[in-house]
>>> print(open('final.txt').read())   # compact mmCIF, N, CA and C atoms
# COMPACT_ATOMS: atom_id res chain seq x y z
N MET A 1 25.26 -42.46 -4.67
CA MET A 1 25.72 -41.21 -4.11
C MET A 1 25.55 -40.05 -5.09
N LYS A 2 25.82 -40.35 -6.38
CA LYS A 2 25.68 -39.31 -7.39
C LYS A 2 24.22 -38.89 -7.54
N LYS A 3 23.29 -39.84 -7.38
CA LYS A 3 21.86 -39.55 -7.48
C LYS A 3 21.42 -38.61 -6.34
N ILE A 4 21.95 -38.80 -5.14
CA ILE A 4 21.62 -37.97 -4.00
C ILE A 4 22.10 -36.54 -4.23
N LYS A 5 23.31 -36.36 -4.81
CA LYS A 5 23.83 -35.03 -5.10
C LYS A 5 22.96 -34.33 -6.15
N THR A 6 22.52 -35.05 -7.15
CA THR A 6 21.67 -34.48 -8.19
C THR A 6 20.35 -34.01 -7.59
N VAL A 7 19.73 -34.81 -6.76
CA VAL A 7 18.47 -34.44 -6.11
C VAL A 7 18.68 -33.21 -5.23
N TYR A 8 19.79 -33.18 -4.51
CA TYR A 8 20.11 -32.04 -3.66
C TYR A 8 20.19 -30.76 -4.48
N TRP A 9 20.89 -30.79 -5.61
CA TRP A 9 21.02 -29.61 -6.45
C TRP A 9 19.70 -29.19 -7.07
N ILE A 10 18.91 -30.15 -7.48
CA ILE A 10 17.59 -29.82 -8.05
C ILE A 10 16.73 -29.11 -7.01
N TRP A 11 16.70 -29.64 -5.79
CA TRP A 11 15.91 -29.01 -4.73
C TRP A 11 16.47 -27.63 -4.37
N SER A 12 17.76 -27.48 -4.34
CA SER A 12 18.37 -26.19 -4.03
C SER A 12 18.00 -25.14 -5.07
N ILE A 13 18.10 -25.51 -6.33
CA ILE A 13 17.74 -24.58 -7.41
C ILE A 13 16.25 -24.26 -7.37
N THR A 14 15.43 -25.25 -7.09
CA THR A 14 13.98 -25.03 -7.00
C THR A 14 13.64 -24.04 -5.89
N ILE A 15 14.26 -24.20 -4.75
CA ILE A 15 14.01 -23.29 -3.62
C ILE A 15 14.47 -21.87 -3.96
N LEU A 16 15.63 -21.74 -4.59
CA LEU A 16 16.13 -20.42 -4.97
C LEU A 16 15.20 -19.74 -5.98
N PHE A 17 14.74 -20.48 -6.98
CA PHE A 17 13.80 -19.92 -7.95
C PHE A 17 12.50 -19.48 -7.27
N THR A 18 12.00 -20.31 -6.37
CA THR A 18 10.77 -19.98 -5.66
C THR A 18 10.93 -18.70 -4.85
N LEU A 19 12.03 -18.58 -4.12
CA LEU A 19 12.27 -17.37 -3.33
C LEU A 19 12.42 -16.14 -4.22
N PHE A 20 13.13 -16.30 -5.34
CA PHE A 20 13.29 -15.17 -6.26
C PHE A 20 11.95 -14.70 -6.81
N PHE A 21 11.13 -15.63 -7.28
CA PHE A 21 9.85 -15.24 -7.86
C PHE A 21 8.87 -14.72 -6.81
N ALA A 22 8.93 -15.23 -5.60
CA ALA A 22 8.10 -14.70 -4.52
C ALA A 22 8.48 -13.25 -4.23
N TYR A 23 9.78 -12.97 -4.16
CA TYR A 23 10.24 -11.61 -3.94
C TYR A 23 9.84 -10.71 -5.11
N TYR A 24 10.02 -11.18 -6.33
CA TYR A 24 9.68 -10.39 -7.52
C TYR A 24 8.19 -10.05 -7.54
N GLN A 25 7.34 -11.02 -7.22
CA GLN A 25 5.90 -10.77 -7.18
C GLN A 25 5.56 -9.76 -6.10
N ARG A 26 6.20 -9.89 -4.95
CA ARG A 26 5.94 -8.97 -3.83
C ARG A 26 6.37 -7.55 -4.18
N ALA A 27 7.47 -7.42 -4.91
CA ALA A 27 8.01 -6.10 -5.23
C ALA A 27 7.33 -5.43 -6.42
N THR A 28 6.75 -6.21 -7.34
CA THR A 28 6.19 -5.62 -8.55
C THR A 28 4.73 -5.94 -8.78
N GLY A 29 4.11 -6.71 -7.93
CA GLY A 29 2.71 -7.11 -8.13
C GLY A 29 1.75 -5.95 -7.95
N PRO A 30 0.46 -6.18 -8.20
CA PRO A 30 -0.53 -5.10 -8.15
C PRO A 30 -0.84 -4.61 -6.75
N THR A 31 -0.32 -5.24 -5.72
CA THR A 31 -0.64 -4.81 -4.37
C THR A 31 0.56 -4.24 -3.62
N TYR A 32 1.69 -4.05 -4.31
CA TYR A 32 2.84 -3.48 -3.62
C TYR A 32 2.57 -2.01 -3.33
N PRO A 33 3.10 -1.46 -2.25
CA PRO A 33 2.86 -0.04 -1.93
C PRO A 33 3.49 0.89 -2.95
N VAL A 34 2.87 2.05 -3.13
CA VAL A 34 3.43 3.08 -3.98
C VAL A 34 4.36 3.93 -3.11
N LYS A 35 5.64 3.98 -3.48
CA LYS A 35 6.63 4.71 -2.69
C LYS A 35 7.13 5.91 -3.47
N GLY A 36 7.51 6.93 -2.74
CA GLY A 36 8.06 8.12 -3.37
C GLY A 36 8.39 9.17 -2.34
N SER A 37 8.69 10.37 -2.82
CA SER A 37 8.97 11.48 -1.93
C SER A 37 8.55 12.78 -2.60
N ALA A 38 8.30 13.79 -1.77
CA ALA A 38 7.92 15.10 -2.26
C ALA A 38 8.56 16.14 -1.34
N ILE A 39 8.85 17.30 -1.91
CA ILE A 39 9.40 18.39 -1.09
C ILE A 39 8.31 19.43 -0.93
N ILE A 40 7.94 19.67 0.32
CA ILE A 40 6.91 20.66 0.64
C ILE A 40 7.21 21.24 2.02
N GLY A 41 7.01 22.51 2.16
CA GLY A 41 7.30 23.18 3.42
C GLY A 41 8.77 23.15 3.77
N GLY A 42 9.64 23.03 2.76
CA GLY A 42 11.08 22.99 2.98
C GLY A 42 11.59 21.63 3.43
N ASP A 43 10.71 20.66 3.57
CA ASP A 43 11.11 19.33 4.02
C ASP A 43 10.87 18.30 2.92
N LYS A 44 11.73 17.29 2.91
CA LYS A 44 11.52 16.15 2.01
C LYS A 44 10.65 15.14 2.76
N ILE A 45 9.51 14.83 2.18
CA ILE A 45 8.57 13.91 2.81
C ILE A 45 8.55 12.62 1.99
N SER A 46 8.99 11.54 2.61
CA SER A 46 8.93 10.23 1.96
C SER A 46 7.62 9.57 2.35
N TYR A 47 7.02 8.85 1.41
CA TYR A 47 5.74 8.21 1.69
C TYR A 47 5.70 6.81 1.12
N LYS A 48 4.80 6.03 1.68
CA LYS A 48 4.53 4.67 1.23
C LYS A 48 3.01 4.49 1.34
N LEU A 49 2.33 4.49 0.20
CA LEU A 49 0.87 4.43 0.16
C LEU A 49 0.42 3.00 -0.14
N ILE A 50 -0.41 2.46 0.73
CA ILE A 50 -0.80 1.05 0.62
C ILE A 50 -1.75 0.83 -0.56
N ARG A 51 -1.71 -0.39 -1.11
CA ARG A 51 -2.59 -0.78 -2.20
C ARG A 51 -3.34 -2.07 -1.89
N SER A 52 -3.22 -2.55 -0.66
CA SER A 52 -3.91 -3.78 -0.25
C SER A 52 -4.24 -3.67 1.23
N CYS A 53 -5.43 -4.16 1.59
CA CYS A 53 -5.86 -4.09 3.00
C CYS A 53 -6.82 -5.24 3.27
N THR A 54 -6.80 -5.74 4.50
CA THR A 54 -7.72 -6.80 4.89
C THR A 54 -9.10 -6.21 5.13
N SER A 55 -10.11 -6.84 4.56
CA SER A 55 -11.48 -6.38 4.71
C SER A 55 -11.90 -6.48 6.18
N GLY A 56 -12.78 -5.59 6.60
CA GLY A 56 -13.23 -5.58 7.99
C GLY A 56 -12.50 -4.56 8.83
N LYS A 57 -11.34 -4.12 8.35
CA LYS A 57 -10.59 -3.06 9.02
C LYS A 57 -10.49 -1.88 8.06
N GLY A 58 -10.47 -0.70 8.60
CA GLY A 58 -10.24 0.46 7.75
C GLY A 58 -8.80 0.49 7.30
N ALA A 59 -8.56 1.04 6.14
CA ALA A 59 -7.20 1.14 5.60
C ALA A 59 -6.59 2.45 6.09
N GLU A 60 -5.55 2.36 6.92
CA GLU A 60 -4.93 3.57 7.47
C GLU A 60 -3.87 4.09 6.51
N ILE A 61 -4.06 5.32 6.08
CA ILE A 61 -3.10 6.02 5.24
C ILE A 61 -2.33 6.94 6.17
N LYS A 62 -1.02 6.75 6.24
CA LYS A 62 -0.19 7.46 7.21
C LYS A 62 1.06 8.00 6.52
N ILE A 63 1.33 9.31 6.70
CA ILE A 63 2.47 9.96 6.07
C ILE A 63 3.26 10.73 7.13
N LEU A 64 4.56 10.51 7.17
CA LEU A 64 5.43 11.21 8.12
C LEU A 64 5.67 12.63 7.60
N ALA A 65 5.15 13.62 8.31
CA ALA A 65 5.31 15.04 7.95
C ALA A 65 5.60 15.81 9.23
N LYS A 66 6.88 15.97 9.54
CA LYS A 66 7.28 16.58 10.81
C LYS A 66 6.95 18.06 10.89
N ASN A 67 6.94 18.76 9.75
CA ASN A 67 6.64 20.18 9.72
C ASN A 67 5.16 20.40 10.03
N ASP A 68 4.87 21.15 11.08
CA ASP A 68 3.48 21.38 11.50
C ASP A 68 2.69 22.22 10.50
N PHE A 69 3.36 22.94 9.60
CA PHE A 69 2.66 23.75 8.62
C PHE A 69 2.13 22.92 7.45
N VAL A 70 2.58 21.69 7.33
CA VAL A 70 2.13 20.81 6.25
C VAL A 70 0.85 20.12 6.67
N THR A 71 -0.16 20.21 5.83
CA THR A 71 -1.43 19.51 6.06
C THR A 71 -1.70 18.61 4.86
N GLY A 72 -2.73 17.81 4.98
CA GLY A 72 -3.04 16.89 3.89
C GLY A 72 -4.54 16.76 3.66
N ARG A 73 -4.89 16.55 2.40
CA ARG A 73 -6.27 16.26 2.01
C ARG A 73 -6.26 14.88 1.38
N ILE A 74 -7.33 14.13 1.58
CA ILE A 74 -7.44 12.83 0.93
C ILE A 74 -8.76 12.80 0.17
N TYR A 75 -8.71 12.31 -1.04
CA TYR A 75 -9.88 12.19 -1.91
C TYR A 75 -10.06 10.70 -2.18
N PHE A 76 -11.29 10.19 -2.00
CA PHE A 76 -11.50 8.78 -2.26
C PHE A 76 -12.94 8.49 -2.66
N LYS A 77 -13.11 7.36 -3.33
CA LYS A 77 -14.43 6.83 -3.66
C LYS A 77 -14.27 5.37 -4.05
N GLU A 78 -15.37 4.65 -4.04
CA GLU A 78 -15.31 3.26 -4.49
C GLU A 78 -14.97 3.25 -5.97
N TYR A 79 -14.15 2.27 -6.35
CA TYR A 79 -13.70 2.14 -7.73
C TYR A 79 -14.89 1.89 -8.65
N LYS A 80 -14.95 2.64 -9.75
CA LYS A 80 -16.00 2.55 -10.76
C LYS A 80 -17.40 2.81 -10.19
N SER A 81 -17.48 3.60 -9.17
CA SER A 81 -18.77 3.96 -8.57
C SER A 81 -19.23 5.29 -9.18
N PRO A 82 -20.54 5.44 -9.43
CA PRO A 82 -21.03 6.72 -9.96
C PRO A 82 -21.11 7.80 -8.88
N GLN A 83 -20.90 7.43 -7.64
CA GLN A 83 -20.96 8.40 -6.53
C GLN A 83 -19.82 9.42 -6.65
N PRO A 84 -20.06 10.66 -6.19
CA PRO A 84 -18.96 11.64 -6.20
C PRO A 84 -17.90 11.25 -5.18
N ARG A 85 -16.70 11.75 -5.39
CA ARG A 85 -15.62 11.41 -4.47
C ARG A 85 -15.78 12.14 -3.14
N ASN A 86 -15.27 11.54 -2.09
CA ASN A 86 -15.27 12.13 -0.76
C ASN A 86 -13.97 12.89 -0.55
N GLU A 87 -14.04 14.00 0.17
CA GLU A 87 -12.84 14.79 0.47
C GLU A 87 -12.78 15.02 1.97
N PHE A 88 -11.63 14.73 2.58
CA PHE A 88 -11.45 14.94 4.01
C PHE A 88 -10.05 15.46 4.28
N TRP A 89 -9.94 16.24 5.37
CA TRP A 89 -8.62 16.64 5.86
C TRP A 89 -8.01 15.47 6.59
N MET A 90 -6.73 15.28 6.41
CA MET A 90 -6.02 14.25 7.17
C MET A 90 -5.76 14.80 8.57
N LYS A 91 -5.78 13.91 9.56
CA LYS A 91 -5.59 14.32 10.95
C LYS A 91 -4.11 14.28 11.29
N ARG A 92 -3.68 15.27 12.06
CA ARG A 92 -2.30 15.28 12.53
C ARG A 92 -2.23 14.53 13.85
N GLN A 93 -1.34 13.53 13.90
CA GLN A 93 -1.09 12.75 15.11
C GLN A 93 0.42 12.76 15.34
N GLY A 94 0.88 13.75 16.11
CA GLY A 94 2.32 13.90 16.32
C GLY A 94 2.99 14.34 15.04
N ASP A 95 3.93 13.55 14.56
CA ASP A 95 4.65 13.87 13.31
C ASP A 95 3.96 13.29 12.08
N TYR A 96 2.82 12.66 12.24
CA TYR A 96 2.16 11.97 11.13
C TYR A 96 0.86 12.66 10.73
N LEU A 97 0.58 12.59 9.43
CA LEU A 97 -0.75 12.92 8.91
C LEU A 97 -1.41 11.58 8.61
N SER A 98 -2.63 11.39 9.06
CA SER A 98 -3.26 10.10 8.84
C SER A 98 -4.75 10.24 8.58
N TYR A 99 -5.27 9.24 7.91
CA TYR A 99 -6.71 9.12 7.68
C TYR A 99 -7.00 7.63 7.49
N THR A 100 -8.11 7.17 8.05
CA THR A 100 -8.50 5.77 7.89
C THR A 100 -9.66 5.68 6.91
N LEU A 101 -9.41 5.04 5.78
CA LEU A 101 -10.46 4.85 4.77
C LEU A 101 -11.45 3.81 5.27
N PRO A 102 -12.73 3.94 4.88
CA PRO A 102 -13.71 2.94 5.31
C PRO A 102 -13.43 1.57 4.69
N SER A 103 -13.89 0.54 5.38
CA SER A 103 -13.69 -0.83 4.90
C SER A 103 -14.70 -1.18 3.82
N LEU A 104 -14.30 -2.08 2.95
CA LEU A 104 -15.19 -2.63 1.92
C LEU A 104 -15.16 -4.15 2.06
N PRO A 105 -16.13 -4.84 1.48
CA PRO A 105 -16.09 -6.31 1.52
C PRO A 105 -14.91 -6.86 0.72
N PRO A 106 -14.54 -8.14 0.95
CA PRO A 106 -13.45 -8.72 0.16
C PRO A 106 -13.69 -8.56 -1.33
N SER A 107 -12.66 -8.30 -2.05
CA SER A 107 -12.60 -8.02 -3.49
C SER A 107 -13.15 -6.65 -3.85
N GLY A 108 -13.47 -5.82 -2.85
CA GLY A 108 -13.87 -4.45 -3.10
C GLY A 108 -12.64 -3.60 -3.42
N LYS A 109 -12.86 -2.51 -4.14
CA LYS A 109 -11.75 -1.63 -4.51
C LYS A 109 -12.13 -0.18 -4.20
N MET A 110 -11.13 0.56 -3.76
CA MET A 110 -11.30 1.97 -3.44
C MET A 110 -10.21 2.74 -4.17
N MET A 111 -10.58 3.89 -4.75
CA MET A 111 -9.60 4.78 -5.37
C MET A 111 -9.33 5.91 -4.39
N TYR A 112 -8.05 6.25 -4.20
CA TYR A 112 -7.76 7.39 -3.34
C TYR A 112 -6.54 8.15 -3.84
N GLN A 113 -6.49 9.42 -3.46
CA GLN A 113 -5.36 10.26 -3.81
C GLN A 113 -5.10 11.21 -2.65
N VAL A 114 -3.83 11.45 -2.36
CA VAL A 114 -3.43 12.31 -1.25
C VAL A 114 -2.79 13.57 -1.81
N LEU A 115 -3.19 14.71 -1.23
CA LEU A 115 -2.67 16.01 -1.60
C LEU A 115 -2.05 16.65 -0.36
N LEU A 116 -0.78 17.03 -0.42
CA LEU A 116 -0.13 17.72 0.70
C LEU A 116 -0.12 19.21 0.43
N LEU A 117 -0.35 20.00 1.48
CA LEU A 117 -0.43 21.45 1.35
C LEU A 117 0.41 22.13 2.42
N ASP A 118 0.99 23.27 2.05
CA ASP A 118 1.57 24.16 3.06
C ASP A 118 1.01 25.55 2.77
N ASN A 119 1.60 26.60 3.29
CA ASN A 119 1.06 27.95 3.10
C ASN A 119 1.16 28.45 1.67
N TYR A 120 2.03 27.84 0.85
CA TYR A 120 2.31 28.38 -0.46
C TYR A 120 1.87 27.51 -1.64
N LYS A 121 1.86 26.21 -1.44
CA LYS A 121 1.56 25.35 -2.58
C LYS A 121 0.91 24.05 -2.12
N SER A 122 0.39 23.33 -3.09
CA SER A 122 -0.17 22.00 -2.83
C SER A 122 0.42 21.03 -3.84
N ILE A 123 0.70 19.82 -3.38
CA ILE A 123 1.34 18.81 -4.23
C ILE A 123 0.57 17.50 -4.12
N PRO A 124 0.05 16.99 -5.25
CA PRO A 124 -0.51 15.63 -5.21
C PRO A 124 0.64 14.63 -5.16
N LEU A 125 0.53 13.62 -4.32
CA LEU A 125 1.62 12.65 -4.19
C LEU A 125 1.72 11.72 -5.39
N THR A 126 0.60 11.49 -6.07
CA THR A 126 0.61 10.63 -7.26
C THR A 126 -0.15 11.34 -8.38
N LYS A 127 0.23 11.06 -9.62
CA LYS A 127 -0.47 11.67 -10.76
C LYS A 127 -1.88 11.12 -10.91
N LYS A 128 -2.00 9.80 -10.72
CA LYS A 128 -3.31 9.15 -10.84
C LYS A 128 -3.71 8.61 -9.48
N PRO A 129 -5.01 8.45 -9.25
CA PRO A 129 -5.44 7.85 -7.98
C PRO A 129 -4.92 6.42 -7.83
N ILE A 130 -4.70 6.04 -6.59
CA ILE A 130 -4.24 4.70 -6.26
C ILE A 130 -5.46 3.81 -6.06
N ILE A 131 -5.39 2.59 -6.55
CA ILE A 131 -6.49 1.65 -6.36
C ILE A 131 -6.11 0.72 -5.22
N LEU A 132 -6.91 0.76 -4.17
CA LEU A 132 -6.70 -0.05 -2.97
C LEU A 132 -7.62 -1.26 -3.05
N ARG A 133 -7.06 -2.46 -2.93
CA ARG A 133 -7.83 -3.70 -3.01
C ARG A 133 -8.03 -4.27 -1.61
N TYR A 134 -9.27 -4.65 -1.32
CA TYR A 134 -9.57 -5.28 -0.03
C TYR A 134 -9.60 -6.78 -0.22
N LYS A 135 -8.99 -7.49 0.71
CA LYS A 135 -8.93 -8.95 0.62
C LYS A 135 -9.51 -9.55 1.88
N GLY A 136 -9.92 -10.81 1.77
CA GLY A 136 -10.42 -11.53 2.93
C GLY A 136 -9.27 -12.00 3.80
N ASN A 137 -9.55 -12.28 5.05
CA ASN A 137 -8.53 -12.79 5.96
C ASN A 137 -8.40 -14.29 5.74
N VAL A 138 -7.18 -14.75 5.42
CA VAL A 138 -6.93 -16.17 5.18
C VAL A 138 -6.20 -16.73 6.40
N PRO A 139 -6.75 -17.76 7.05
CA PRO A 139 -6.09 -18.33 8.22
C PRO A 139 -4.72 -18.92 7.87
N ALA A 140 -3.80 -18.83 8.82
CA ALA A 140 -2.43 -19.33 8.60
C ALA A 140 -2.42 -20.83 8.32
N LEU A 141 -3.37 -21.59 8.90
CA LEU A 141 -3.42 -23.03 8.65
C LEU A 141 -3.70 -23.37 7.19
N ILE A 142 -4.31 -22.46 6.48
CA ILE A 142 -4.56 -22.66 5.05
C ILE A 142 -3.44 -22.04 4.22
N LEU A 143 -2.97 -20.88 4.63
CA LEU A 143 -1.99 -20.15 3.86
C LEU A 143 -0.61 -20.82 3.82
N ILE A 144 -0.14 -21.32 4.94
CA ILE A 144 1.21 -21.92 5.00
C ILE A 144 1.32 -23.17 4.11
N PRO A 145 0.38 -24.13 4.18
CA PRO A 145 0.50 -25.27 3.24
C PRO A 145 0.38 -24.86 1.78
N HIS A 146 -0.42 -23.82 1.51
CA HIS A 146 -0.55 -23.35 0.13
C HIS A 146 0.78 -22.80 -0.38
N ILE A 147 1.48 -22.04 0.45
CA ILE A 147 2.78 -21.47 0.05
C ILE A 147 3.81 -22.59 -0.12
N LEU A 148 3.82 -23.52 0.81
CA LEU A 148 4.78 -24.63 0.73
C LEU A 148 4.50 -25.51 -0.47
>>> encode(input="final.txt", output="structure tokens")
Amino acid sequence: MKKIKTVYWIWSITILFTLFFAYYQRATGPTYPVKGSAIIGGDKISYKLIRSCTSGKGAEIKILAKNDFVTGRIYFKEYKSPQPRNEFWMKRQGDYLSYTLPSLPPSGKMMYQVLLLDNYKSIPLTKKPIILRYKGNVPALILIPHIL
């Protein structure tokens, strides 16, 4: 009976450690979203900029900006590419400013930076460009046993 209790505690502690480290990796790893806020046009705009996307789909960058006077520019290029960066206006869709970055093959990387503007000033959301990593689609039949 004592052996069964010991095994139970070992498994319980193992599961707790696994959940803790999975959460820690998700919250601090290289693909967690960049979060923050900026005040522009008299409004506080909170944002969450993605750093990971599945290859084959464009990466949608979406920012909630209810004030119609606020616009956005996005600058992007492939990471470590000699090509000049691309500049586009973000599209307004209701209360959101959005732009869909082009897709790259798995393990491709894209650098991007978002600039918000109103009639008086412009604010870059991040000091340095964000590096977006593209990953391949992994089927659930492979992913679930790997996690377990």
>>> atom_distance(input="final.txt", atom1="CA of Thr28 in chain A", atom2="CA of Leu49 in chain A")
14.3 Å
>>> atom_distance(input="final.txt", atom1="CA of Arg73 in chain A", atom2="atom C of Ala27 in chain A")
27.0 Å
>>> atom_distance(input="final.txt", atom1="atom C of Glu78 in chain A", atom2="CA of Met110 in chain A")
4.6 Å
>>> closest_residue(input="final.txt", among="A:Thr31, A:Ser122, A:Asn86, A:Ser98", to="Ile61 in chain A", atoms="all atoms listed in the file")
A:Ser98
>>> closest_residue(input="final.txt", among="A:His146, A:Lys121, A:Lys127, A:Lys109", to="Gly72 in chain A", atoms="only C-alpha atoms")
A:Lys121
>>> closest_residue(input="final.txt", among="A:Asp95, A:Arg85, A:Ile130, A:Arg51", to="Ile63 in chain A", atoms="all atoms listed in the file")
A:Asp95
>>> residues_near_point(input="final.txt", point="(5.6, 17.2, 8.1)", cutoff="8 Å", atoms="all atoms listed in the file", output="ChimeraX atom specification")
/A:40-41,43-45,63-71,94-97
>>> select_by_dssp(input="final.txt", residues="chain A", states="strand (DSSP E)", output="PyMOL selection string")
chain A and resi 34-40+43-49+52-54+59-64+71-78+86-89+91-93+96-101+109-117+122-124+130-135
>>> select_by_dssp(input="final.txt", residues="chain A", states="alpha helix (DSSP H)", output="CSV table (one decimal) with N, CA and C atoms, in the coordinates of the input")
chain,number,residue,atom,x,y,z
A,2,LYS,N,25.8,-40.4,-6.4
A,2,LYS,CA,25.7,-39.3,-7.4
A,2,LYS,C,24.2,-38.9,-7.5
A,3,LYS,N,23.3,-39.8,-7.4
A,3,LYS,CA,21.9,-39.6,-7.5
A,3,LYS,C,21.4,-38.6,-6.3
A,4,ILE,N,22.0,-38.8,-5.1
A,4,ILE,CA,21.6,-38.0,-4.0
A,4,ILE,C,22.1,-36.5,-4.2
A,5,LYS,N,23.3,-36.4,-4.8
A,5,LYS,CA,23.8,-35.0,-5.1
A,5,LYS,C,23.0,-34.3,-6.2
A,6,THR,N,22.5,-35.0,-7.2
A,6,THR,CA,21.7,-34.5,-8.2
A,6,THR,C,20.4,-34.0,-7.6
A,7,VAL,N,19.7,-34.8,-6.8
A,7,VAL,CA,18.5,-34.4,-6.1
A,7,VAL,C,18.7,-33.2,-5.2
A,8,TYR,N,19.8,-33.2,-4.5
A,8,TYR,CA,20.1,-32.0,-3.7
A,8,TYR,C,20.2,-30.8,-4.5
A,9,TRP,N,20.9,-30.8,-5.6
A,9,TRP,CA,21.0,-29.6,-6.4
A,9,TRP,C,19.7,-29.2,-7.1
A,10,ILE,N,18.9,-30.2,-7.5
A,10,ILE,CA,17.6,-29.8,-8.0
A,10,ILE,C,16.7,-29.1,-7.0
A,11,TRP,N,16.7,-29.6,-5.8
A,11,TRP,CA,15.9,-29.0,-4.7
A,11,TRP,C,16.5,-27.6,-4.4
A,12,SER,N,17.8,-27.5,-4.3
A,12,SER,CA,18.4,-26.2,-4.0
A,12,SER,C,18.0,-25.1,-5.1
A,13,ILE,N,18.1,-25.5,-6.3
A,13,ILE,CA,17.7,-24.6,-7.4
A,13,ILE,C,16.2,-24.3,-7.4
A,14,THR,N,15.4,-25.2,-7.1
A,14,THR,CA,14.0,-25.0,-7.0
A,14,THR,C,13.6,-24.0,-5.9
A,15,ILE,N,14.3,-24.2,-4.8
A,15,ILE,CA,14.0,-23.3,-3.6
A,15,ILE,C,14.5,-21.9,-4.0
A,16,LEU,N,15.6,-21.7,-4.6
A,16,LEU,CA,16.1,-20.4,-5.0
A,16,LEU,C,15.2,-19.7,-6.0
A,17,PHE,N,14.7,-20.5,-7.0
A,17,PHE,CA,13.8,-19.9,-8.0
A,17,PHE,C,12.5,-19.5,-7.3
A,18,THR,N,12.0,-20.3,-6.4
A,18,THR,CA,10.8,-20.0,-5.7
A,18,THR,C,10.9,-18.7,-4.8
A,19,LEU,N,12.0,-18.6,-4.1
A,19,LEU,CA,12.3,-17.4,-3.3
A,19,LEU,C,12.4,-16.1,-4.2
A,20,PHE,N,13.1,-16.3,-5.3
A,20,PHE,CA,13.3,-15.2,-6.3
A,20,PHE,C,12.0,-14.7,-6.8
A,21,PHE,N,11.1,-15.6,-7.3
A,21,PHE,CA,9.8,-15.2,-7.9
A,21,PHE,C,8.9,-14.7,-6.8
A,22,ALA,N,8.9,-15.2,-5.6
A,22,ALA,CA,8.1,-14.7,-4.5
A,22,ALA,C,8.5,-13.2,-4.2
A,23,TYR,N,9.8,-13.0,-4.2
A,23,TYR,CA,10.2,-11.6,-3.9
A,23,TYR,C,9.8,-10.7,-5.1
A,24,TYR,N,10.0,-11.2,-6.3
A,24,TYR,CA,9.7,-10.4,-7.5
A,24,TYR,C,8.2,-10.0,-7.5
A,25,GLN,N,7.3,-11.0,-7.2
A,25,GLN,CA,5.9,-10.8,-7.2
A,25,GLN,C,5.6,-9.8,-6.1
A,26,ARG,N,6.2,-9.9,-5.0
A,26,ARG,CA,5.9,-9.0,-3.8
A,26,ARG,C,6.4,-7.6,-4.2
A,27,ALA,N,7.5,-7.4,-4.9
A,27,ALA,CA,8.0,-6.1,-5.2
A,27,ALA,C,7.3,-5.4,-6.4
A,28,THR,N,6.8,-6.2,-7.3
A,28,THR,CA,6.2,-5.6,-8.6
A,28,THR,C,4.7,-5.9,-8.8
A,140,ALA,N,-3.8,-18.8,8.8
A,140,ALA,CA,-2.4,-19.3,8.6
A,140,ALA,C,-2.4,-20.8,8.3
A,141,LEU,N,-3.4,-21.6,8.9
A,141,LEU,CA,-3.4,-23.0,8.6
A,141,LEU,C,-3.7,-23.4,7.2
A,142,ILE,N,-4.3,-22.5,6.5
A,142,ILE,CA,-4.6,-22.7,5.0
A,142,ILE,C,-3.4,-22.0,4.2
A,143,LEU,N,-3.0,-20.9,4.6
A,143,LEU,CA,-2.0,-20.2,3.9
A,143,LEU,C,-0.6,-20.8,3.8
A,144,ILE,N,-0.1,-21.3,4.9
A,144,ILE,CA,1.2,-21.9,5.0
A,144,ILE,C,1.3,-23.2,4.1
A,145,PRO,N,0.4,-24.1,4.2
A,145,PRO,CA,0.5,-25.3,3.2
A,145,PRO,C,0.4,-24.9,1.8
A,146,HIS,N,-0.4,-23.8,1.5
A,146,HIS,CA,-0.6,-23.4,0.1
A,146,HIS,C,0.8,-22.8,-0.4
A,147,ILE,N,1.5,-22.0,0.4
A,147,ILE,CA,2.8,-21.5,0.0
A,147,ILE,C,3.8,-22.6,-0.1
>>> closest_residue(input="final.txt", among="A:Gln93, A:Ile147, A:Phe21, A:Ile74", to="Val114 in chain A", atoms="only N, CA and C atoms")
A:Ile74
>>> closest_residue(input="final.txt", among="A:Met90, A:Pro84, A:Pro105, A:Tyr112", to="Ile131 in chain A", atoms="only N, CA and C atoms")
A:Tyr112
>>> closest_residue(input="final.txt", among="A:Lys77, A:Lys91, A:Lys3, A:Lys35", to="Gly108 in chain A", atoms="only C-alpha atoms")
A:Lys77
>>> decode(input="final.txt", residues="range 32-39 of chain A", atoms="N, CA and C atoms", output="tab-separated table (two decimals), in the first residue's frame")
chain	number	residue	atom	x	y	z
A	32	TYR	N	6.10	33.45	-28.32
A	32	TYR	CA	4.97	34.05	-27.63
A	32	TYR	C	4.69	35.42	-28.23
A	33	PRO	N	3.43	35.87	-28.24
A	33	PRO	CA	3.10	37.18	-28.82
A	33	PRO	C	3.71	38.33	-28.03
A	34	VAL	N	4.01	39.41	-28.73
A	34	VAL	CA	4.49	40.62	-28.09
A	34	VAL	C	3.26	41.43	-27.71
A	35	LYS	N	3.10	41.70	-26.41
A	35	LYS	CA	1.93	42.43	-25.92
A	35	LYS	C	2.35	43.79	-25.39
A	36	GLY	N	1.43	44.72	-25.48
A	36	GLY	CA	1.69	46.05	-24.95
A	36	GLY	C	0.52	46.97	-25.21
A	37	SER	N	0.75	48.26	-24.96
A	37	SER	CA	-0.29	49.25	-25.24
A	37	SER	C	0.38	50.57	-25.59
A	38	ALA	N	-0.38	51.40	-26.30
A	38	ALA	CA	0.10	52.72	-26.70
A	38	ALA	C	-1.08	53.68	-26.63
A	39	ILE	N	-0.78	54.94	-26.35
A	39	ILE	CA	-1.84	55.96	-26.33
A	39	ILE	C	-1.66	56.82	-27.57
